[in-house]
>>> print(open('query05.cif').read())   # mmCIF, C-alpha atoms and all ligand atoms
data_query
loop_
_atom_site.label_atom_id
_atom_site.label_comp_id
_atom_site.auth_asym_id
_atom_site.auth_seq_id
_atom_site.Cartn_x
_atom_site.Cartn_y
_atom_site.Cartn_z
CA MET A 44 46.30 43.79 7.78
CA PRO A 45 47.74 40.71 9.47
CA ALA A 46 51.52 40.26 9.36
CA ARG A 47 52.54 37.62 6.86
CA THR A 48 54.42 35.20 9.07
CA ALA A 49 54.18 31.50 9.75
CA ASP A 50 50.67 32.37 10.95
CA ALA A 51 49.72 33.76 7.55
CA PRO A 52 46.37 32.52 6.29
CA HIS A 53 46.45 28.96 5.07
CA GLY A 54 43.77 26.59 4.02
CA ASP A 55 42.39 23.18 3.61
CA GLY A 56 39.08 23.44 1.76
CA LEU A 57 36.99 23.73 4.90
CA LEU A 58 34.24 26.34 5.20
CA ARG A 59 34.88 29.51 7.17
CA VAL A 60 32.80 32.65 7.56
CA GLY A 61 34.08 36.24 7.66
CA SER A 62 32.06 39.23 8.92
CA ILE A 63 32.59 42.33 6.81
CA GLY A 64 30.08 44.58 8.56
CA PRO A 65 27.43 46.74 6.90
CA LEU A 66 27.19 47.12 3.14
CA VAL A 67 25.37 49.81 1.18
CA LEU A 68 24.36 48.39 -2.17
CA GLU A 69 24.64 49.91 -5.62
CA THR A 70 20.91 50.53 -5.94
CA GLY A 71 20.49 51.91 -2.43
CA GLY A 72 19.62 48.86 -0.34
CA GLU A 73 21.54 48.14 2.82
CA LEU A 74 22.62 45.04 4.67
CA PRO A 75 23.61 45.73 8.25
CA ASP A 76 25.91 42.81 8.97
CA VAL A 77 27.27 40.90 6.00
CA ARG A 78 28.89 37.52 6.42
CA LEU A 79 30.73 35.82 3.59
CA ALA A 80 31.42 32.09 3.57
CA PHE A 81 34.75 31.18 2.04
CA GLU A 82 37.26 28.41 1.69
CA THR A 83 41.00 28.55 1.19
CA TRP A 84 43.66 26.10 0.05
CA GLY A 85 47.42 26.42 0.40
CA ARG A 86 49.29 29.19 2.19
CA LEU A 87 49.65 32.91 1.56
CA ASN A 88 53.36 33.58 0.91
CA GLU A 89 55.57 36.17 2.60
CA ASP A 90 55.01 38.95 0.10
CA GLY A 91 51.35 38.11 -0.48
CA SER A 92 51.90 37.57 -4.19
CA ASN A 93 50.41 34.10 -4.61
CA ALA A 94 46.70 34.63 -3.84
CA VAL A 95 44.24 33.32 -6.43
CA LEU A 96 40.51 34.01 -6.28
CA VAL A 97 38.23 31.42 -7.91
CA GLN A 98 34.66 32.56 -8.51
CA HIS A 99 31.74 30.12 -8.67
CA ALA A 100 28.87 30.02 -11.16
CA LEU A 101 25.16 30.57 -10.48
CA THR A 102 24.42 27.55 -8.30
CA GLY A 103 27.97 26.83 -7.23
CA SER A 104 29.53 27.15 -3.82
CA SER A 105 32.96 28.03 -2.46
CA HIS A 106 33.89 24.34 -2.56
CA VAL A 107 36.15 24.53 -5.61
CA ALA A 108 38.51 21.75 -4.57
CA ARG A 109 38.30 18.84 -2.18
CA GLY A 110 41.21 19.76 0.14
CA ASP A 111 40.69 18.07 3.50
CA ALA A 112 36.92 17.93 3.02
CA GLU A 113 35.07 14.75 2.09
CA GLU A 114 33.07 16.28 -0.70
CA GLU A 115 34.68 16.66 -4.11
CA GLY A 116 35.09 20.20 -5.47
CA TRP A 117 33.49 21.53 -8.64
CA TRP A 118 36.87 22.41 -10.20
CA ASP A 119 38.96 19.59 -8.67
CA SER A 120 40.56 18.95 -12.05
CA LEU A 121 41.91 22.52 -12.15
CA VAL A 122 42.63 23.36 -8.52
CA GLY A 123 44.61 21.17 -6.13
CA PRO A 124 48.10 19.89 -5.36
CA GLY A 125 50.01 19.57 -8.63
CA ARG A 126 47.09 20.90 -10.68
CA THR A 127 47.26 23.94 -12.96
CA VAL A 128 46.24 26.13 -10.04
CA ASP A 129 48.64 24.30 -7.73
CA THR A 130 47.61 24.64 -4.12
CA ASP A 131 51.16 23.71 -3.07
CA ARG A 132 52.19 26.95 -4.73
CA TYR A 133 49.20 29.28 -4.64
CA PHE A 134 46.92 30.44 -1.87
CA VAL A 135 43.51 29.81 -3.38
CA VAL A 136 40.38 31.51 -2.07
CA SER A 137 36.77 31.04 -3.08
CA VAL A 138 33.81 32.96 -1.68
CA ASN A 139 30.13 32.11 -1.72
CA MET A 140 28.52 35.05 -3.49
CA LEU A 141 26.58 37.58 -1.43
CA GLY A 142 22.91 36.53 -1.59
CA GLY A 143 23.78 32.86 -2.01
CA CYS A 144 22.80 29.92 0.15
CA TYR A 145 26.13 28.25 0.85
CA GLY A 146 26.92 30.15 4.03
CA SER A 147 27.01 33.81 2.97
CA THR A 148 24.39 36.38 3.94
CA GLY A 149 21.37 35.65 1.81
CA PRO A 150 17.58 35.82 1.91
CA ALA A 151 17.25 32.72 4.09
CA CYS A 152 19.39 34.35 6.80
CA LEU A 153 17.88 36.16 9.73
CA ALA A 154 17.37 39.92 9.43
CA PRO A 155 17.92 42.10 12.53
CA ASP A 156 14.32 41.43 13.64
CA GLY A 157 15.11 37.73 14.00
CA THR A 158 13.05 36.52 11.04
CA PRO A 159 14.40 35.52 7.62
CA TRP A 160 15.02 38.34 5.16
CA GLY A 161 12.83 36.64 2.55
CA ALA A 162 11.16 39.23 0.30
CA ARG A 163 12.96 42.06 2.11
CA PHE A 164 16.40 40.96 0.90
CA PRO A 165 17.69 43.83 -1.25
CA PHE A 166 18.59 43.74 -4.93
CA VAL A 167 22.24 42.81 -5.29
CA THR A 168 24.41 43.43 -8.36
CA ILE A 169 27.57 41.66 -9.46
CA ARG A 170 29.42 44.83 -8.43
CA ASP A 171 27.92 44.69 -4.92
CA ALA A 172 29.12 41.11 -4.58
CA VAL A 173 32.63 42.08 -5.70
CA ARG A 174 32.73 45.03 -3.31
CA ALA A 175 31.81 42.69 -0.47
CA GLU A 176 34.54 40.26 -1.56
CA SER A 177 37.08 43.10 -1.59
CA LEU A 178 36.35 43.74 2.10
CA LEU A 179 36.91 40.06 2.85
CA ALA A 180 40.16 40.17 0.87
CA ASP A 181 41.27 43.09 3.06
CA GLN A 182 40.62 40.96 6.13
CA LEU A 183 42.60 38.07 4.69
CA GLY A 184 45.56 40.40 4.08
CA ILE A 185 45.32 40.10 0.32
CA GLY A 186 46.14 43.43 -1.28
CA ARG A 187 46.50 42.18 -4.83
CA TRP A 188 45.40 38.92 -6.42
CA HIS A 189 47.90 36.99 -8.48
CA SER A 190 44.85 36.06 -10.51
CA VAL A 191 41.07 36.05 -10.39
CA LEU A 192 39.23 33.50 -12.46
CA GLY A 193 35.76 32.19 -12.96
CA GLY A 194 33.26 30.74 -15.39
CA SER A 195 29.75 31.90 -16.25
CA MET A 196 28.54 34.09 -13.37
CA GLY A 197 31.98 33.50 -11.85
CA GLY A 198 33.42 35.05 -15.00
CA ALA A 199 31.22 38.11 -14.54
CA ARG A 200 32.52 38.49 -10.98
CA ALA A 201 36.11 38.01 -12.15
CA LEU A 202 35.68 40.66 -14.84
CA GLU A 203 34.13 43.13 -12.39
CA TRP A 204 37.05 42.60 -10.00
CA ALA A 205 39.41 43.66 -12.79
CA LEU A 206 37.30 46.72 -13.60
CA MET A 207 36.45 47.87 -10.07
CA PHE A 208 39.89 47.19 -8.61
CA PRO A 209 42.38 47.30 -11.48
CA GLU A 210 45.27 47.76 -9.07
CA ARG A 211 44.31 44.61 -7.15
CA VAL A 212 44.05 42.12 -10.04
CA GLU A 213 47.24 41.12 -11.82
CA ARG A 214 45.63 38.51 -14.08
CA CYS A 215 41.99 37.81 -14.87
CA ALA A 216 40.40 34.78 -16.55
CA VAL A 217 36.85 35.08 -17.83
CA ILE A 218 35.49 31.76 -19.05
CA ALA A 219 32.17 31.15 -20.81
CA CYS A 220 30.93 34.64 -20.00
CA SER A 221 30.12 37.81 -21.88
CA ALA A 222 30.80 41.49 -21.14
CA ALA A 223 27.11 42.02 -20.44
CA SER A 224 24.07 39.78 -20.06
CA SER A 225 22.43 39.75 -23.48
CA ALA A 226 18.72 40.13 -24.24
CA GLU A 227 18.42 36.36 -24.68
CA GLN A 228 20.27 35.59 -21.43
CA ILE A 229 17.95 37.99 -19.63
CA ALA A 230 14.96 36.39 -21.37
CA PHE A 231 15.89 32.86 -20.27
CA ALA A 232 16.48 34.18 -16.78
CA GLN A 233 13.13 35.96 -16.68
CA ALA A 234 11.28 32.75 -17.56
CA GLN A 235 13.06 31.02 -14.68
CA LEU A 236 12.16 33.79 -12.26
CA GLN A 237 8.54 33.66 -13.35
CA ALA A 238 8.45 29.92 -12.72
CA ILE A 239 9.50 30.54 -9.12
CA ARG A 240 7.38 33.62 -8.52
CA LEU A 241 4.23 32.00 -9.90
CA ASP A 242 4.56 28.99 -7.62
CA PRO A 243 1.82 29.60 -4.99
CA ALA A 244 4.25 28.42 -2.31
CA TYR A 245 6.59 31.31 -3.12
CA ARG A 246 4.37 33.85 -1.37
CA GLY A 247 6.38 36.79 -2.63
CA GLY A 248 9.52 35.28 -1.12
CA ASP A 249 8.26 34.88 2.45
CA TYR A 250 7.89 31.11 2.51
CA TYR A 251 10.32 30.03 5.19
CA ASP A 252 7.57 29.16 7.70
CA GLY A 253 5.85 26.83 5.21
CA PRO A 254 6.44 24.73 2.13
CA HIS A 255 9.15 26.02 -0.17
CA PRO A 256 8.41 26.75 -3.86
CA GLU A 257 9.99 23.51 -4.99
CA ALA A 258 7.89 23.14 -8.12
CA GLY A 259 8.83 26.63 -9.31
CA LEU A 260 12.51 26.18 -8.55
CA GLY A 261 12.42 22.83 -10.32
CA VAL A 262 10.94 24.35 -13.47
CA ALA A 263 13.52 27.16 -13.30
CA ARG A 264 16.32 24.58 -13.18
CA ARG A 265 14.81 22.65 -16.10
CA ILE A 266 14.75 25.79 -18.26
CA ALA A 267 18.26 26.71 -17.17
CA HIS A 268 19.67 23.23 -17.61
CA ILE A 269 18.48 23.01 -21.21
CA THR A 270 20.48 26.17 -21.90
CA TYR A 271 23.53 24.67 -20.16
CA ARG A 272 23.62 21.70 -22.53
CA ALA A 273 23.81 21.52 -26.32
CA GLU A 274 21.12 20.26 -28.66
CA GLN A 275 23.51 17.74 -30.25
CA GLU A 276 24.40 16.31 -26.84
CA LEU A 277 20.78 15.85 -25.80
CA GLU A 278 20.01 14.22 -29.15
CA ALA A 279 22.99 11.86 -29.02
CA ARG A 280 22.45 10.96 -25.36
CA PHE A 281 18.69 10.60 -25.24
CA GLY A 282 17.15 10.97 -28.69
CA ARG A 283 13.52 9.87 -28.48
CA ALA A 284 14.25 7.01 -26.09
CA GLU A 285 11.84 6.22 -23.32
CA GLN A 286 12.84 5.78 -19.71
CA ASP A 287 12.33 2.03 -20.19
CA ALA A 288 11.67 0.88 -16.70
CA GLU A 289 8.80 3.33 -16.44
CA ARG A 290 6.76 2.12 -19.38
CA PRO A 291 3.74 0.22 -18.11
CA LEU A 292 3.64 -3.38 -19.36
CA GLY A 293 1.65 -3.66 -22.58
CA SER A 294 1.24 0.09 -22.90
CA VAL A 295 0.82 1.68 -26.30
CA LEU A 296 2.57 4.95 -27.12
CA PRO A 297 1.87 7.79 -26.84
CA ALA A 298 -1.11 7.73 -24.45
CA ASP A 299 0.33 5.23 -21.98
CA ARG A 300 3.97 6.07 -22.16
CA GLY A 301 6.40 6.64 -19.34
CA ARG A 302 8.69 9.63 -19.55
CA TYR A 303 11.11 10.19 -22.36
CA GLN A 304 14.65 9.71 -21.09
CA VAL A 305 15.34 13.39 -21.53
CA GLU A 306 12.33 14.20 -19.35
CA SER A 307 13.60 11.88 -16.67
CA TYR A 308 17.04 13.50 -16.94
CA LEU A 309 15.60 17.01 -16.52
CA ASP A 310 13.43 15.85 -13.62
CA HIS A 311 16.57 14.51 -11.97
CA GLN A 312 18.50 17.75 -12.49
CA ALA A 313 15.56 19.70 -11.06
CA ASP A 314 15.25 17.42 -8.02
CA LYS A 315 18.96 17.72 -7.30
CA LEU A 316 18.87 21.50 -7.33
CA VAL A 317 15.70 21.69 -5.25
CA ASP A 318 17.46 19.53 -2.64
CA ARG A 319 20.44 21.86 -2.39
CA PHE A 320 19.34 25.40 -3.23
CA ASP A 321 17.13 28.12 -1.83
CA ALA A 322 14.61 29.62 -4.28
CA ASN A 323 15.11 33.18 -3.02
CA SER A 324 18.87 32.88 -3.48
CA TYR A 325 18.19 31.61 -6.98
CA VAL A 326 16.14 34.75 -7.64
CA ILE A 327 18.70 37.13 -6.08
CA LEU A 328 21.68 35.62 -7.91
CA THR A 329 19.81 35.38 -11.22
CA GLU A 330 18.82 39.04 -10.97
CA ALA A 331 22.43 39.91 -10.14
CA LEU A 332 23.55 38.12 -13.28
CA MET A 333 20.86 39.90 -15.31
CA SER A 334 22.39 43.17 -14.06
CA HIS A 335 25.83 42.20 -15.38
CA ASP A 336 27.03 44.91 -17.76
CA ALA A 337 30.69 45.82 -17.69
CA ALA A 338 29.92 49.12 -19.46
CA ARG A 339 27.14 50.32 -17.14
CA GLY A 340 28.01 53.85 -16.08
CA ARG A 341 31.46 53.60 -17.67
CA GLY A 342 30.88 54.85 -21.23
CA SER A 343 31.34 52.50 -24.17
CA LEU A 344 32.48 48.91 -23.66
CA GLU A 345 35.90 49.94 -24.96
CA ASP A 346 36.01 52.83 -22.45
CA ALA A 347 35.00 50.49 -19.65
CA LEU A 348 37.45 47.72 -20.46
CA GLY A 349 40.21 50.17 -21.35
CA ALA A 350 40.49 50.94 -17.63
CA ALA A 351 41.52 47.36 -16.86
CA ALA A 352 45.18 46.86 -16.02
CA SER A 353 45.19 43.05 -15.74
CA GLU A 354 46.47 40.44 -18.13
CA PHE A 355 43.39 38.68 -19.50
CA PHE A 356 42.64 35.08 -20.39
CA ILE A 357 39.34 34.68 -22.22
CA ALA A 358 37.79 31.32 -23.07
CA ALA A 359 34.52 30.01 -24.47
CA VAL A 360 32.90 26.65 -25.20
CA ASP A 361 32.45 26.01 -28.91
CA THR A 362 28.92 24.57 -28.49
CA ASP A 363 27.75 27.02 -25.80
CA ARG A 364 24.29 28.28 -26.75
CA LEU A 365 23.88 30.45 -23.67
CA TYR A 366 27.19 32.36 -23.67
CA PHE A 367 28.08 32.19 -27.35
CA PRO A 368 31.76 32.21 -28.36
CA TRP A 369 31.13 35.39 -30.38
CA GLN A 370 30.26 37.13 -27.11
CA SER A 371 33.66 36.15 -25.70
CA GLN A 372 35.21 37.44 -28.93
CA ARG A 373 33.39 40.74 -28.43
CA LEU A 374 34.71 40.95 -24.87
CA ALA A 375 38.27 40.11 -25.94
CA ALA A 376 38.18 42.60 -28.79
CA ALA A 377 37.19 45.44 -26.45
CA LEU A 378 40.02 44.69 -24.00
CA PRO A 379 43.30 46.56 -24.32
CA GLY A 380 45.95 44.70 -26.34
CA ASP A 381 45.56 41.59 -28.41
CA VAL A 382 43.65 39.09 -26.28
CA PRO A 383 42.95 35.69 -27.87
CA VAL A 384 39.86 33.61 -27.13
CA HIS A 385 40.67 30.03 -26.15
CA LEU A 386 38.11 27.41 -27.08
CA ILE A 387 36.94 24.41 -25.12
CA SER A 388 35.75 21.89 -27.67
CA SER A 389 32.91 19.80 -26.32
CA PRO A 390 29.54 18.44 -27.38
CA VAL A 391 28.16 19.41 -23.95
CA GLY A 392 27.58 23.15 -24.34
CA HIS A 393 27.91 25.74 -21.56
CA ASP A 394 28.47 23.22 -18.73
CA ALA A 395 31.74 22.18 -20.42
CA PHE A 396 33.41 25.03 -18.52
CA LEU A 397 32.85 22.80 -15.47
CA THR A 398 33.23 19.33 -16.94
CA GLN A 399 35.96 19.95 -19.56
CA ILE A 400 38.03 22.67 -17.91
CA HIS A 401 41.13 20.43 -18.14
CA GLN A 402 41.19 21.27 -21.85
CA LEU A 403 42.49 24.70 -20.86
CA ASP A 404 45.25 23.34 -18.59
CA ASP A 405 48.14 24.01 -20.96
CA GLN A 406 46.94 27.43 -22.10
CA LEU A 407 46.07 28.62 -18.59
CA ARG A 408 49.35 27.32 -17.19
CA ALA A 409 51.34 29.00 -19.94
CA ALA A 410 49.41 32.26 -19.58
CA PHE A 411 49.15 32.58 -15.80
CA TYR A 412 50.67 29.80 -13.75
CA SER A 413 54.13 29.06 -15.12
CA ARG A 414 55.80 32.07 -13.50
C1 LIG A 501 26.47 20.29 -3.29
C2 LIG A 501 27.21 21.46 -3.85
O1 LIG A 501 27.90 22.16 -3.20
S1 LIG A 501 27.05 21.70 -5.52
C3 LIG A 501 27.77 23.22 -5.80
C4 LIG A 501 28.85 23.12 -6.74
N1 LIG A 501 28.35 22.72 -8.03
C5 LIG A 501 28.56 23.54 -9.06
O2 LIG A 501 29.14 24.54 -8.96
C6 LIG A 501 28.09 23.14 -10.37
C7 LIG A 501 26.74 22.64 -10.35
N2 LIG A 501 26.71 21.39 -11.05
C8 LIG A 501 26.28 21.34 -12.26
O3 LIG A 501 25.90 22.31 -12.80
C9 LIG A 501 26.20 20.00 -12.92
O4 LIG A 501 25.97 19.05 -11.92
C10 LIG A 501 27.42 19.55 -13.71
C11 LIG A 501 27.68 20.51 -14.82
C12 LIG A 501 28.67 19.51 -12.88
C13 LIG A 501 27.04 18.13 -14.19
O5 LIG A 501 27.60 17.82 -15.38
P1 LIG A 501 27.74 16.29 -15.88
O6 LIG A 501 28.77 15.58 -15.11
O7 LIG A 501 27.89 16.39 -17.36
O8 LIG A 501 26.37 15.63 -15.47
P2 LIG A 501 25.13 15.17 -16.39
O9 LIG A 501 24.45 16.27 -17.05
O10 LIG A 501 25.61 14.08 -17.26
O11 LIG A 501 24.15 14.58 -15.30
C14 LIG A 501 24.47 13.43 -14.62
C15 LIG A 501 23.30 13.02 -13.73
O12 LIG A 501 22.15 12.82 -14.54
C16 LIG A 501 21.63 11.52 -14.24
N3 LIG A 501 20.97 10.99 -15.42
C17 LIG A 501 21.50 10.69 -16.62
N4 LIG A 501 20.53 10.20 -17.42
C18 LIG A 501 19.38 10.19 -16.73
C19 LIG A 501 18.04 9.77 -17.02
N5 LIG A 501 17.70 9.28 -18.20
N6 LIG A 501 17.13 9.91 -16.04
C20 LIG A 501 17.47 10.43 -14.82
N7 LIG A 501 18.71 10.82 -14.50
C21 LIG A 501 19.66 10.70 -15.44
C22 LIG A 501 22.85 10.71 -13.85
O13 LIG A 501 22.48 9.57 -13.12
C23 LIG A 501 23.61 11.72 -13.02
O14 LIG A 501 23.03 11.77 -11.73
P3 LIG A 501 23.89 12.29 -10.48
O15 LIG A 501 24.43 13.66 -10.83
O16 LIG A 501 22.90 12.33 -9.37
O17 LIG A 501 25.00 11.30 -10.27
N1 LIG A 502 25.75 24.31 -14.11
C1 LIG A 502 26.17 25.63 -13.73
C2 LIG A 502 25.80 26.51 -14.85
C3 LIG A 502 25.72 27.97 -14.59
O1 LIG A 502 26.70 28.58 -15.30
C4 LIG A 502 25.54 26.01 -12.41
O2 LIG A 502 24.54 25.41 -12.05
O3 LIG A 502 26.08 26.86 -11.72
#
>>> encode(input="query05.cif", output="structure tokens", more="lines below")
Ligand SMILES: CC(=O)SCCNC(=O)CCNC(=O)[C@H](O)C(C)(C)COP(=O)(O)OP(=O)(O)OC[C@H]1O[C@@H](n2cnc3c(N)ncnc32)[C@H](O)[C@@H]1OP(=O)(O)O
Ligand SMILES: N[C@@H](CCO)C(=O)O
Amino acid sequence: MPARTADAPHGDGLLRVGSIGPLVLETGGELPDVRLAFETWGRLNEDGSNAVLVQHALTGSSHVARGDAEEEGWWDSLVGPGRTVDTDRYFVVSVNMLGGCYGSTGPACLAPDGTPWGARFPFVTIRDAVRAESLLADQLGIGRWHSVLGGSMGGARALEWALMFPERVERCAVIACSAASSAEQIAFAQAQLQAIRLDPAYRGGDYYDGPHPEAGLGVARRIAHITYRAEQELEARFGRAEQDAERPLGSVLPADRGRYQVESYLDHQADKLVDRFDANSYVILTEALMSHDAARGRGSLEDALGAAASEFFIAAVDTDRLYFPWQSQRLAAALPGDVPVHLISSPVGHDAFLTQIHQLDDQLRAAFYSR
């Protein structure tokens, strides 16, 4: 491990890549040379006690906070100088998940034969991703995290860190995430995967020398995005309104109509994801999230969570219809001790863990970041 001196790791929100070597995966696959893209903010202190790991959600990246980069971060309101996770005080790390498409080894990367992994990219679980991250943490000289936190799939990775490496996680925040992917979460995910796989351009995942399965990925994002937002929000925002500018002059509804506003909105969300995400990574990460089950191979949920030694912070969004608050309650109830569930109150639904995270500032600060 590197000595913690004035040269100790420090950061600025710029992308770096660490090579962690070969990785044998939980279900037997193997990746010969794994690279993980990561960003850091702040400076690791002398005794290495101020490192915070922030885990991104399904289509997120390691760019949690702006730092010296131009692009804003997806949790800028939580992480930065003077914020709850104060980068003047903590050394914050975020890693693009194994299999992703923001710089880490994923299906679009070249396999040893010089062609993209594509369909050959192995099945990855949340636990595989966490094991890979633990090797990167070793390289960064981080023996024990002050805290690990994340929302949605990031929450699943945070939870697995606490269960796989109880001695390395002092505090763990799991936001808008359950102890295991439920039947309905798997069902929504399966429909998304089918949309991608049934796109003729997908070609089993080996599409990098031709058109990408944009239509399939777009439909997958539409299905997913509906689950990320609440019915009341969609109704209040869009109702039955038409996308006015699109209605042909003199047209008569319904035959001649333009799109409903909500259709236009979903089209826009789909286009944005298609522009920034690789379909194979979407498949790999979605399957990893489907595999999420804290109790797998560990007995009952209570047995599994009883092995955790971290302090926990659990939170849910009151209108979340993908990761229901009762699922966070179930998780909290199975953890050792008396762990409350904090609620984000928002009309938005699941995505409020991104857009309304500031609602947890006081509770998170009091629980984790005031000492
Ligand atoms: C580039 C990267 O690295 S991204 C990786 C990091 N990102 C993440 O981790 C999270 C991924 N992001 C997300 O999931 C989402 O973008 C969220 C949750 C952050 C967005 O939440 P919100 O701020 O509530 O956005 P909202 O749902 O209101 O959508 C706003 C967009 O819809 C558009 N929109 C609104 N109404 C309509 C309409 N009727 N027709 C078309 N578009 C519409 C807006 O113009 C806006 O477009 P823009 O995002 O291009 O500016
Ligand atoms: N909007 C989030 C939701 C997943 O939890 C994402 O795209 O990552």
>>> axis_aligned_box(input="query05.cif", around="ligand LIG 501 (chain A)", padding_each_side="4 Å", output="AutoDock Vina command-line options")
--center_x 23.1 --center_y 16.9 --center_z -10.7 --size_x 20.0 --size_y 23.3 --size_z 23.0
>>> closest_residue(input="query05.cif", among="A:Phe281, A:Tyr308, A:Phe396, A:Tyr245", to="ligand LIG 502 (chain A)", atoms="all atoms listed in the file")
A:Phe396
>>> residues_near_ligand(input="query05.cif", ligand="ligand LIG 501 (chain A)", cutoff="9 Å", atoms="all atoms listed in the file", output="PyMOL selection string")
chain A and resi 99-107+114-118+145+268+271-272+280-281+284-286+303-312+315-316+319-320+391+393-398
>>> residues_around(input="query05.cif", residues="A:Glu345", least_positions_apart="3", cutoff="7 Å", atoms="only C-alpha atoms", output="count of residues only")
4
>>> residues_around(input="query05.cif", residues="A:Ala331", least_positions_apart="2", cutoff="9 Å", atoms="all atoms listed in the file", output="ChimeraX atom specification")
/A:166-172,326-329,333-335
